[in-house]
Amino acid sequence: MTSPTAPTLAESWLELPDGRLFWLTGRCAIGRHVDNTLVLEATSVSRHHALLTVESNGYAVSDLRSSNGTYVNGAPITQPTLLQDGNELRLGDAIFRYRCTRRAGLDSLDNHPERTRRMEDMRERTCWLLIADVAAFSTLNAELGSKAALQRFQGWIAGMRPLIERHGGLINSYVGDAIFAWWPGDTAVPAQVRAALAAIQAWRPSSPVAFRVVFHHGSVLFTRSERGEELSGQEVNFVFRAEKVAKNFGAVAMLSEAATQTLQLAGHCTPLGAATVDGIPGRFVFFAPPPDPTA
């Protein structure tokens, strides 16, 4: 993960219905008319439908008296509404997802004790977890300049997202210069996660930046928030902090022992060694995946 001294990636974008990413660089008007920043051809979208504006703490969306309304997470808005990472944005029949990079660090239940008062909103699920993290972004920023480095980061996100989602993965958040994704253990199967790992490894030579990936498996707490579904608990902390272990091992791809077992790769992986994980008792064994995890 990004160190405290590394540059902050304060980027925001929209995931469009056709799968494209529309990067936000300032005020953004959305509608059917060609004078909008983002032009949509859907007949349910008004000529001048909605406006995204930059606020001190992110982007806000306003409805421009459109015919069919503007909705955030299914609720109609009547005044400027601050957007959170993961919010669903609907204009007429056109549905987007607003995304932005969050502050680097763990967004866990341990850091938000107020959530513990809402136990009825929590549920526990077994999941495969993925952290994919750009390696040495601060160095890249210094060598190329912030604009060029950011363009590479954007290209990396655009390339990684379909590799995860096409194989059943769900991207929960973009944290600093990392992607945090998961596969639900009750619906996904090991073959899907192995296929995602294989696709990521195959794409690595074409990636605009160097990156590391860490896979883990464990029981996770799910809560609902204004951002949507939040994942938290010790297993989430483990996979975030294990990324540092991968860096220390010099590994570009690493599996925890739990991931190795549940992905049915035991005996096919190369042991990297045992290590401690910050804040979690014990020593843990980690593995490098085989060249072709799907074989």
# chains A, B, ... in the order shown; residues from 1 in each chain; ligands from 1
>>> residues_around(residues="range 209-222 of chain A", least_positions_apart="4", cutoff="7 Å", atoms="only C-alpha atoms", output="VMD selection string")
chain A and resid 122 to 135 152 156 229 to 233 235 to 236 239 243 252 to 256 258 to 259
>>> select_by_dssp(residues="range 33-234 of chain A", states="alpha helix (DSSP H)", output="PyMOL selection string")
chain A and resi 137-144+146-165+190-203+234
>>> write_last_selection(atoms="N, CA and C atoms", output="tab-separated table (two decimals), in the first residue's frame")
chain	number	residue	atom	x	y	z
A	137	PHE	N	4.70	3.57	-6.60
A	137	PHE	CA	4.07	4.66	-7.34
A	137	PHE	C	4.78	5.98	-7.09
A	138	SER	N	5.29	6.20	-5.89
A	138	SER	CA	5.98	7.46	-5.60
A	138	SER	C	7.21	7.63	-6.49
A	139	THR	N	7.93	6.52	-6.75
A	139	THR	CA	9.08	6.57	-7.65
A	139	THR	C	8.64	6.88	-9.07
A	140	LEU	N	7.57	6.23	-9.50
A	140	LEU	CA	7.03	6.47	-10.84
A	140	LEU	C	6.61	7.93	-10.98
A	141	ASN	N	6.00	8.47	-9.96
A	141	ASN	CA	5.56	9.87	-9.96
A	141	ASN	C	6.75	10.81	-10.10
A	142	ALA	N	7.85	10.48	-9.39
A	142	ALA	CA	9.04	11.33	-9.45
A	142	ALA	C	9.71	11.25	-10.82
A	143	GLU	N	9.70	10.06	-11.42
A	143	GLU	CA	10.37	9.88	-12.71
A	143	GLU	C	9.60	10.46	-13.88
A	144	LEU	N	8.28	10.30	-13.86
A	144	LEU	CA	7.46	10.68	-15.01
A	144	LEU	C	6.74	12.01	-14.84
A	146	SER	N	3.58	13.90	-12.24
A	146	SER	CA	2.29	13.47	-11.69
A	146	SER	C	1.26	13.17	-12.78
A	147	LYS	N	1.25	13.95	-13.86
A	147	LYS	CA	0.24	13.75	-14.90
A	147	LYS	C	0.45	12.43	-15.61
A	148	ALA	N	1.68	12.16	-16.03
A	148	ALA	CA	1.96	10.91	-16.75
A	148	ALA	C	1.78	9.70	-15.84
A	149	ALA	N	2.20	9.84	-14.58
A	149	ALA	CA	2.03	8.73	-13.63
A	149	ALA	C	0.55	8.45	-13.41
A	150	LEU	N	-0.24	9.51	-13.32
A	150	LEU	CA	-1.68	9.32	-13.12
A	150	LEU	C	-2.33	8.66	-14.33
A	151	GLN	N	-1.88	9.01	-15.52
A	151	GLN	CA	-2.41	8.37	-16.73
A	151	GLN	C	-2.11	6.88	-16.72
A	152	ARG	N	-0.94	6.50	-16.26
A	152	ARG	CA	-0.61	5.08	-16.17
A	152	ARG	C	-1.47	4.38	-15.13
A	153	PHE	N	-1.70	5.07	-14.02
A	153	PHE	CA	-2.56	4.51	-12.98
A	153	PHE	C	-3.98	4.29	-13.53
A	154	GLN	N	-4.48	5.25	-14.28
A	154	GLN	CA	-5.80	5.12	-14.88
A	154	GLN	C	-5.84	3.94	-15.85
A	155	GLY	N	-4.79	3.78	-16.65
A	155	GLY	CA	-4.73	2.66	-17.57
A	155	GLY	C	-4.70	1.33	-16.84
A	156	TRP	N	-4.03	1.31	-15.69
A	156	TRP	CA	-3.97	0.08	-14.89
A	156	TRP	C	-5.36	-0.29	-14.36
A	157	ILE	N	-6.09	0.69	-13.83
A	157	ILE	CA	-7.45	0.42	-13.35
A	157	ILE	C	-8.33	-0.08	-14.50
A	158	ALA	N	-8.24	0.58	-15.65
A	158	ALA	CA	-9.06	0.19	-16.79
A	158	ALA	C	-8.73	-1.23	-17.25
A	159	GLY	N	-7.49	-1.65	-17.08
A	159	GLY	CA	-7.11	-3.00	-17.48
A	159	GLY	C	-7.45	-4.05	-16.44
A	160	MET	N	-7.30	-3.71	-15.16
A	160	MET	CA	-7.53	-4.68	-14.09
A	160	MET	C	-9.01	-4.95	-13.86
A	161	ARG	N	-9.83	-3.93	-13.97
A	161	ARG	CA	-11.25	-4.08	-13.62
A	161	ARG	C	-11.93	-5.22	-14.37
A	162	PRO	N	-11.84	-5.30	-15.70
A	162	PRO	CA	-12.52	-6.41	-16.39
A	162	PRO	C	-11.94	-7.78	-16.05
A	163	LEU	N	-10.65	-7.84	-15.74
A	163	LEU	CA	-10.04	-9.13	-15.40
A	163	LEU	C	-10.64	-9.69	-14.12
A	164	ILE	N	-11.00	-8.81	-13.21
A	164	ILE	CA	-11.62	-9.22	-11.95
A	164	ILE	C	-13.10	-9.52	-12.17
A	165	GLU	N	-13.81	-8.60	-12.78
A	165	GLU	CA	-15.27	-8.71	-12.87
A	165	GLU	C	-15.72	-9.80	-13.84
A	190	PRO	N	-13.92	-22.02	-6.77
A	190	PRO	CA	-12.47	-21.83	-6.88
A	190	PRO	C	-11.99	-21.61	-8.31
A	191	ALA	N	-12.62	-22.27	-9.27
A	191	ALA	CA	-12.17	-22.13	-10.66
A	191	ALA	C	-12.27	-20.69	-11.15
A	192	GLN	N	-13.28	-19.95	-10.69
A	192	GLN	CA	-13.41	-18.55	-11.10
A	192	GLN	C	-12.26	-17.71	-10.58
A	193	VAL	N	-11.91	-17.91	-9.33
A	193	VAL	CA	-10.84	-17.12	-8.72
A	193	VAL	C	-9.50	-17.50	-9.35
A	194	ARG	N	-9.28	-18.79	-9.59
A	194	ARG	CA	-8.05	-19.20	-10.26
A	194	ARG	C	-7.97	-18.60	-11.66
A	195	ALA	N	-9.11	-18.54	-12.37
A	195	ALA	CA	-9.13	-17.95	-13.70
A	195	ALA	C	-8.80	-16.46	-13.65
A	196	ALA	N	-9.30	-15.77	-12.62
A	196	ALA	CA	-8.98	-14.35	-12.46
A	196	ALA	C	-7.49	-14.16	-12.22
A	197	LEU	N	-6.93	-14.99	-11.35
A	197	LEU	CA	-5.49	-14.92	-11.07
A	197	LEU	C	-4.69	-15.18	-12.34
A	198	ALA	N	-5.08	-16.19	-13.12
A	198	ALA	CA	-4.38	-16.50	-14.37
A	198	ALA	C	-4.47	-15.34	-15.36
A	199	ALA	N	-5.65	-14.71	-15.46
A	199	ALA	CA	-5.84	-13.60	-16.39
A	199	ALA	C	-4.99	-12.39	-15.96
A	200	ILE	N	-4.93	-12.14	-14.67
A	200	ILE	CA	-4.13	-11.03	-14.16
A	200	ILE	C	-2.65	-11.26	-14.46
A	201	GLN	N	-2.20	-12.49	-14.21
A	201	GLN	CA	-0.80	-12.81	-14.46
A	201	GLN	C	-0.47	-12.72	-15.96
A	202	ALA	N	-1.40	-13.15	-16.80
A	202	ALA	CA	-1.16	-13.10	-18.25
A	202	ALA	C	-1.11	-11.66	-18.75
A	203	TRP	N	-1.87	-10.77	-18.10
A	203	TRP	CA	-1.92	-9.36	-18.53
A	203	TRP	C	-0.73	-8.56	-18.00
A	234	GLN	N	-10.90	-8.94	10.89
A	234	GLN	CA	-9.49	-9.30	10.93
A	234	GLN	C	-8.99	-9.83	9.60
>>> closest_residue(among="A:Phe22, A:Ser46, A:Pro271, A:Ser67", to="Phe284 in chain A", atoms="only C-alpha atoms")
A:Pro271
>>> atom_distance(atom1="CA of Thr276 in chain A", atom2="CA of Asp177 in chain A")
23.4 Å
>>> residues_around(residues="Gly273 in chain A", least_positions_apart="3", cutoff="12 Å", atoms="only C-alpha atoms", output="list in words")
Val245, Ala246, Asn248, Phe249, Gly250, Ala251, Met254, Leu255, Ser256, Glu257, Cys269, Thr270, Thr276, Arg283, Phe284, Val285, Phe286, Phe287 and Ala288 of chain A
>>> atom_distance(atom1="CA of Thr260 in chain A", atom2="CA of Pro289 in chain A")
8.1 Å
>>> residues_around(residues="Tyr174 in chain A", least_positions_apart="2", cutoff="9 Å", atoms="only C-alpha atoms", output="JSON, numbers by chain")
{"A": [85, 99, 100, 101, 102, 103, 104, 171, 172, 176, 177, 178, 179, 180, 181]}
